[in-house]
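*Asks:* The structure is given below, and queries will be raised subsequently.
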Amino acid sequence: MIGAFRLHKAYGRTAVLEDVSLDLAAGQCLALLGPNGAGKTTLLRIFATLLRPTSGELAVAGVDALRQPEAARAAIGVVAHGSYVYEDLSAIENLRFWTVMGGGDASRGRLRDALQQVELDAVAGERVRTFSAGMKRRLGLARVLLGRARLLLLDEPFTGLDQQGKKWLSEFLLAFKAGGGALVVATHSFGSGLGVADRVAILAGGRLLLDRPCGDLSWDELRRLYDSLTEGNGAVG
Amino acid sequence: MTAYARRAWIVLWKDLLTERRSKENLNALLFFSLLLLFLFQFALGPDREGLRAALPGLLWLGFILAGLLGLGRSFMTERDNDCWEGLRLTPGDKSAIYLGKFLGNFVMMSAVEVAVLALFGLFYDVELWPVLGPLAVVLPLGTVGLAAVGTLFAAMTAQVRARELLFPVLLLPAQVPLLLAAVSVTQAVLLGRPLAEVAHWLKLLAAADLVYVVIGVLTFEFVLDA
């Protein structure tokens with residue numbers, strides 16, 4: 001689903017990503033760990049075609065994402081900090097807007113089904129302004145469900161969620177993966193997202209320091225490795 | 001309806017619905033226009049004849065100043081919750097977004113202009129009924145150009161830090177041909193002259209509208225991705 005080769009991103013003389021290469025197959029989840037400022041969001045934005053790397057190659061869903069970003073975008077779903085919601089529209093109106101913009105079928109029944117899947121059907125007609133951060137996140141996921149995304153990129157998706165919200169999100173991501181979708185979950189919080197991941201990658205100082213299957217390492221080993229690799233190697237620049 | 005038209009329509013629907021609920025822009029613009037009327041009256045004094053001569057210019061100055069405020073804020077909703085980024089990620093021709101935003105701005109500005117025009121008539125004792133027909137030609141023509149170029153520049157400046165400064169600096173020079181033509185035609189209309197006498201100005205307005213809308217449609221994708 002993703003084939004990234006020697007991605008490099010620099011702002012002037014400051015490199016924020018250096019020679020990052022990784023592959024991700026359909027039905028796989030990659031947990032991208034790293035301290036604040038490690039370059040995780042930059043890498044996700046490059047995968048999402050929102051940012052062009054300074055050099056390197058990137059294929060998304062079999063498409064050269066640097067040459068044909070429009071073609072790649074049809075396969076990409078993003079759940080970032082902002083959730084992409086309009087505060088003065090209701091939940092169902094937000095879904096209608098983004099579904100039509102994505103060229104999909106925005107029939108009421110379909111929108112209702114998506115809201116039911118993210119457990120927001122009871123508040124379908126309420127303005128998003130009244131929603132909590134967790135509810136907005138779920139609405140963002142409903143938007144992804146209505147699209148044709150096969151690759152889901154999530155930036156700190158567990159931040160601001162309570163235990164129940166985290167559990168619900170993990171189940172949602174597992175179901176997405178089971179349906180053949182690929183996931184990249186970027187987080188600075190060590191524990192979050194690992195329950196869903198098949199592989200773990202550690203990014204620090206703009207470099208990919210580790211990329212291994214989760215089964216190769218115990219929780220404690222991973223923790224120790226993470227601490228040793230990221231110590232004094234956090235923010236870039 | 002084609003996918004392109006549906007996307008332009010949904011952007012227009014979203015903008016008008018958001019505005020109807022928040023009333024952020026419309027209320028502020030109407031209040032601002034009212035203040036302008038008072039200011040013009042104080043600046044020009046009690047000389048009614050002088051005021052009437054300056055009326056077309058004042059009218060369009062009022063529209064443009066209100067437009068500066070309204071158009072400059074038209075992409076603010078896209079900045080909240082990273083919706084701008086969401087729009088960039090939508091597949092398909094991005095000019096549909098521009099058309100939707102442009103039409104939304106046109107409707108908003110037209111609503112403000114109708115209110116301002118009524119207030120002008122009331123404040124300055126101008127008989128507007130006999131000239132409503134010709135005004136219904138010139139006002140939309142001027143507003144299309146203002147909204148077309150304003151929407152594009154608002155998008156260009158929405159993501160920069162000094163947008164409040166940059167937006168009028170870009171917009172006002174681009175409005176000069178529109179302003180010249182619109183004021184000349186409005187003056188002729190208020191004096192009761194037939195539109196045929198100012199056909200050359202009307203042609204200039206229509207041509208400027210066409211050029212601005214086409215430039216907006218062709219360049220919006222690059223503006224959105226910049």
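By convention in this document, the chains of the structure tokens carry letters A, B, ... by their order, each chain's residues are numbered from 1, and ligands are numbered from 1 in the order they are shown.
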Could you find all residues in segment 31-174 of chain B that DSSP calls alpha helix (DSSP H) from the backbone, and write them as a PyMOL selection string?
*Replies:* chain B and resi 31-44+48-72+76-79+83-89+95-123+132-157+163-174
*Asks:* Those residues you just picked out, can you put them in a file as an mmCIF file, in the first residue's frame with C-alpha atoms?
*Replies:*
```cif
data_model
loop_
_atom_site.group_PDB
_atom_site.id
_atom_site.type_symbol
_atom_site.label_atom_id
_atom_site.label_comp_id
_atom_site.auth_asym_id
_atom_site.auth_seq_id
_atom_site.Cartn_x
_atom_site.Cartn_y
_atom_site.Cartn_z
ATOM 1 C CA PHE B 31 -23.566 47.225 10.824
ATOM 2 C CA PHE B 32 -20.359 48.279 9.083
ATOM 3 C CA SER B 33 -22.315 49.548 6.072
ATOM 4 C CA LEU B 34 -24.577 51.565 8.343
ATOM 5 C CA LEU B 35 -21.538 53.145 9.970
ATOM 6 C CA LEU B 36 -20.150 54.000 6.549
ATOM 7 C CA LEU B 37 -23.338 55.823 5.653
ATOM 8 C CA PHE B 38 -23.042 57.938 8.773
ATOM 9 C CA LEU B 39 -19.380 58.643 8.089
ATOM 10 C CA PHE B 40 -20.061 59.675 4.493
ATOM 11 C CA GLN B 41 -22.785 62.010 5.678
ATOM 12 C CA PHE B 42 -20.500 63.632 8.242
ATOM 13 C CA ALA B 43 -17.630 63.901 5.750
ATOM 14 C CA LEU B 44 -19.702 65.503 2.994
ATOM 15 C CA ARG B 48 -27.332 67.595 -0.838
ATOM 16 C CA GLU B 49 -26.350 68.368 -4.419
ATOM 17 C CA GLY B 50 -22.678 67.584 -3.765
ATOM 18 C CA LEU B 51 -23.734 64.410 -2.040
ATOM 19 C CA ARG B 52 -25.848 63.300 -4.972
ATOM 20 C CA ALA B 53 -22.951 63.851 -7.365
ATOM 21 C CA ALA B 54 -20.702 61.734 -5.189
ATOM 22 C CA LEU B 55 -23.357 59.076 -4.556
ATOM 23 C CA PRO B 56 -22.319 56.474 -7.179
ATOM 24 C CA GLY B 57 -18.722 56.606 -5.965
ATOM 25 C CA LEU B 58 -19.774 56.388 -2.332
ATOM 26 C CA LEU B 59 -22.096 53.515 -3.088
ATOM 27 C CA TRP B 60 -19.369 51.431 -4.721
ATOM 28 C CA LEU B 61 -16.825 52.457 -2.114
ATOM 29 C CA GLY B 62 -19.268 51.126 0.463
ATOM 30 C CA PHE B 63 -19.656 47.858 -1.459
ATOM 31 C CA ILE B 64 -15.922 47.428 -1.835
ATOM 32 C CA LEU B 65 -15.135 48.204 1.797
ATOM 33 C CA ALA B 66 -17.850 45.793 2.936
ATOM 34 C CA GLY B 67 -16.496 43.293 0.404
ATOM 35 C CA LEU B 68 -12.993 43.653 1.841
ATOM 36 C CA LEU B 69 -14.288 42.600 5.236
ATOM 37 C CA GLY B 70 -16.616 39.850 4.041
ATOM 38 C CA LEU B 71 -14.436 38.321 1.346
ATOM 39 C CA GLY B 72 -11.349 38.417 3.544
ATOM 40 C CA MET B 76 -11.705 31.404 7.785
ATOM 41 C CA THR B 77 -14.113 28.481 8.249
ATOM 42 C CA GLU B 78 -11.744 26.338 6.213
ATOM 43 C CA ARG B 79 -8.884 27.138 8.587
ATOM 44 C CA CYS B 83 -10.765 21.768 6.761
ATOM 45 C CA TRP B 84 -8.468 23.414 4.220
ATOM 46 C CA GLU B 85 -6.334 20.268 4.341
ATOM 47 C CA GLY B 86 -9.454 18.141 3.931
ATOM 48 C CA LEU B 87 -10.399 20.090 0.815
ATOM 49 C CA ARG B 88 -6.920 19.559 -0.604
ATOM 50 C CA LEU B 89 -7.312 15.823 -0.125
ATOM 51 C CA SER B 95 -12.007 24.598 -9.319
ATOM 52 C CA ALA B 96 -15.445 23.317 -8.206
ATOM 53 C CA ILE B 97 -14.490 24.509 -4.710
ATOM 54 C CA TYR B 98 -13.615 27.920 -6.112
ATOM 55 C CA LEU B 99 -16.928 28.168 -7.972
ATOM 56 C CA GLY B 100 -18.884 27.218 -4.854
ATOM 57 C CA LYS B 101 -17.013 29.739 -2.710
ATOM 58 C CA PHE B 102 -17.341 32.424 -5.378
ATOM 59 C CA LEU B 103 -21.110 31.890 -5.671
ATOM 60 C CA GLY B 104 -21.463 31.940 -1.880
ATOM 61 C CA ASN B 105 -19.563 35.226 -1.732
ATOM 62 C CA PHE B 106 -21.658 36.613 -4.584
ATOM 63 C CA VAL B 107 -24.898 35.792 -2.753
ATOM 64 C CA MET B 108 -23.583 37.272 0.504
ATOM 65 C CA MET B 109 -22.361 40.452 -1.129
ATOM 66 C CA SER B 110 -25.576 40.838 -3.096
ATOM 67 C CA ALA B 111 -27.580 40.609 0.140
ATOM 68 C CA VAL B 112 -25.410 43.300 1.719
ATOM 69 C CA GLU B 113 -25.639 45.479 -1.392
ATOM 70 C CA VAL B 114 -29.437 45.313 -1.458
ATOM 71 C CA ALA B 115 -29.535 46.429 2.180
ATOM 72 C CA VAL B 116 -26.949 49.183 1.606
ATOM 73 C CA LEU B 117 -28.795 50.401 -1.459
ATOM 74 C CA ALA B 118 -32.062 50.646 0.462
ATOM 75 C CA LEU B 119 -30.311 52.549 3.254
ATOM 76 C CA PHE B 120 -28.677 54.893 0.734
ATOM 77 C CA GLY B 121 -32.055 55.653 -0.760
ATOM 78 C CA LEU B 122 -33.451 56.338 2.687
ATOM 79 C CA PHE B 123 -30.522 58.371 4.048
ATOM 80 C CA LEU B 132 -34.231 49.587 -10.089
ATOM 81 C CA GLY B 133 -34.242 47.812 -13.467
ATOM 82 C CA PRO B 134 -30.937 49.245 -14.731
ATOM 83 C CA LEU B 135 -29.439 48.917 -11.227
ATOM 84 C CA ALA B 136 -30.373 45.221 -11.322
ATOM 85 C CA VAL B 137 -28.036 44.962 -14.320
ATOM 86 C CA VAL B 138 -25.067 46.949 -13.091
ATOM 87 C CA LEU B 139 -24.939 45.755 -9.462
ATOM 88 C CA PRO B 140 -24.657 42.016 -10.279
ATOM 89 C CA LEU B 141 -22.130 42.759 -13.016
ATOM 90 C CA GLY B 142 -19.924 44.698 -10.604
ATOM 91 C CA THR B 143 -20.425 42.168 -7.825
ATOM 92 C CA VAL B 144 -19.431 39.176 -9.967
ATOM 93 C CA GLY B 145 -16.018 40.734 -10.615
ATOM 94 C CA LEU B 146 -15.556 41.781 -7.013
ATOM 95 C CA ALA B 147 -16.527 38.348 -5.687
ATOM 96 C CA ALA B 148 -14.478 36.467 -8.327
ATOM 97 C CA VAL B 149 -11.185 38.210 -7.694
ATOM 98 C CA GLY B 150 -11.909 38.593 -3.972
ATOM 99 C CA THR B 151 -12.486 34.855 -3.552
ATOM 100 C CA LEU B 152 -9.216 34.049 -5.283
ATOM 101 C CA PHE B 153 -7.163 36.552 -3.271
ATOM 102 C CA ALA B 154 -8.876 35.508 -0.041
ATOM 103 C CA ALA B 155 -7.766 31.927 -0.757
ATOM 104 C CA MET B 156 -4.240 33.101 -1.574
ATOM 105 C CA THR B 157 -3.900 35.045 1.652
ATOM 106 C CA ARG B 163 -3.443 38.264 5.526
ATOM 107 C CA GLU B 164 -5.414 41.265 6.885
ATOM 108 C CA LEU B 165 -2.822 43.551 5.309
ATOM 109 C CA LEU B 166 -2.040 41.554 2.197
ATOM 110 C CA PHE B 167 -5.634 40.951 1.135
ATOM 111 C CA PRO B 168 -6.619 44.605 0.523
ATOM 112 C CA VAL B 169 -3.190 45.355 -0.955
ATOM 113 C CA LEU B 170 -3.811 42.665 -3.587
ATOM 114 C CA LEU B 171 -7.522 43.244 -4.067
ATOM 115 C CA LEU B 172 -7.839 47.001 -4.397
ATOM 116 C CA PRO B 173 -5.587 47.499 -7.456
ATOM 117 C CA ALA B 174 -7.378 44.618 -9.204
#
```
*Asks:* Select residues of chain B: the criterion is any atom within 6 Å of an atom of chain A, counting only C-alpha atoms; output as a ChimeraX atom specification.
*Replies:* /B:7,18,81-83,86,90-91
*Asks:* May I ask for the distance between atom CA of Arg45 of chain A and atom CA of Val60 of chain A, given in Å to one decimal place?
*Replies:*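 It comes out at 12.7 Å.
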*Asks:* Pick out the closest residue to Ala188 of chain B from this set: B:Ala206, B:Ala28, B:Ile10, B:Val131. Count only C-alpha atoms.
*Replies:* B:Val131
*Asks:* Can you tell me, as an NGL selection string, what residues are no more than 7 Å from Ala142 of chain A when counting only C-alpha atoms, ignoring any on the same chain fewer than 6 positions away?
*Replies:* :A and (114-115 or 118)
*Asks:* Would you mind exporting the chosen residues as a PDB file, in the first residue's frame, restricted to N, CA and C atoms?
*Replies:*
```pdb
ATOM      1  N   ALA A 114     -23.244   5.095   8.563  1.00  0.00           N
ATOM      2  CA  ALA A 114     -21.877   5.442   8.975  1.00  0.00           C
ATOM      3  C   ALA A 114     -21.879   6.024  10.386  1.00  0.00           C
ATOM      4  N   LEU A 115     -22.879   6.872  10.665  1.00  0.00           N
ATOM      5  CA  LEU A 115     -22.956   7.458  12.014  1.00  0.00           C
ATOM      6  C   LEU A 115     -23.244   6.386  13.055  1.00  0.00           C
ATOM      7  N   VAL A 118     -20.109   4.543  14.076  1.00  0.00           N
ATOM      8  CA  VAL A 118     -19.210   5.245  15.013  1.00  0.00           C
ATOM      9  C   VAL A 118     -19.984   5.709  16.257  1.00  0.00           C
TER      10      VAL A 118
END
```
*Asks:* Rank A:Pro213, A:Gly179, A:Gly12, A:Gly165 by their smallest atom-to-atom distance to Leu151 of chain A, using only C-alpha atoms, and report the top residue only.
*Replies:* A:Gly179
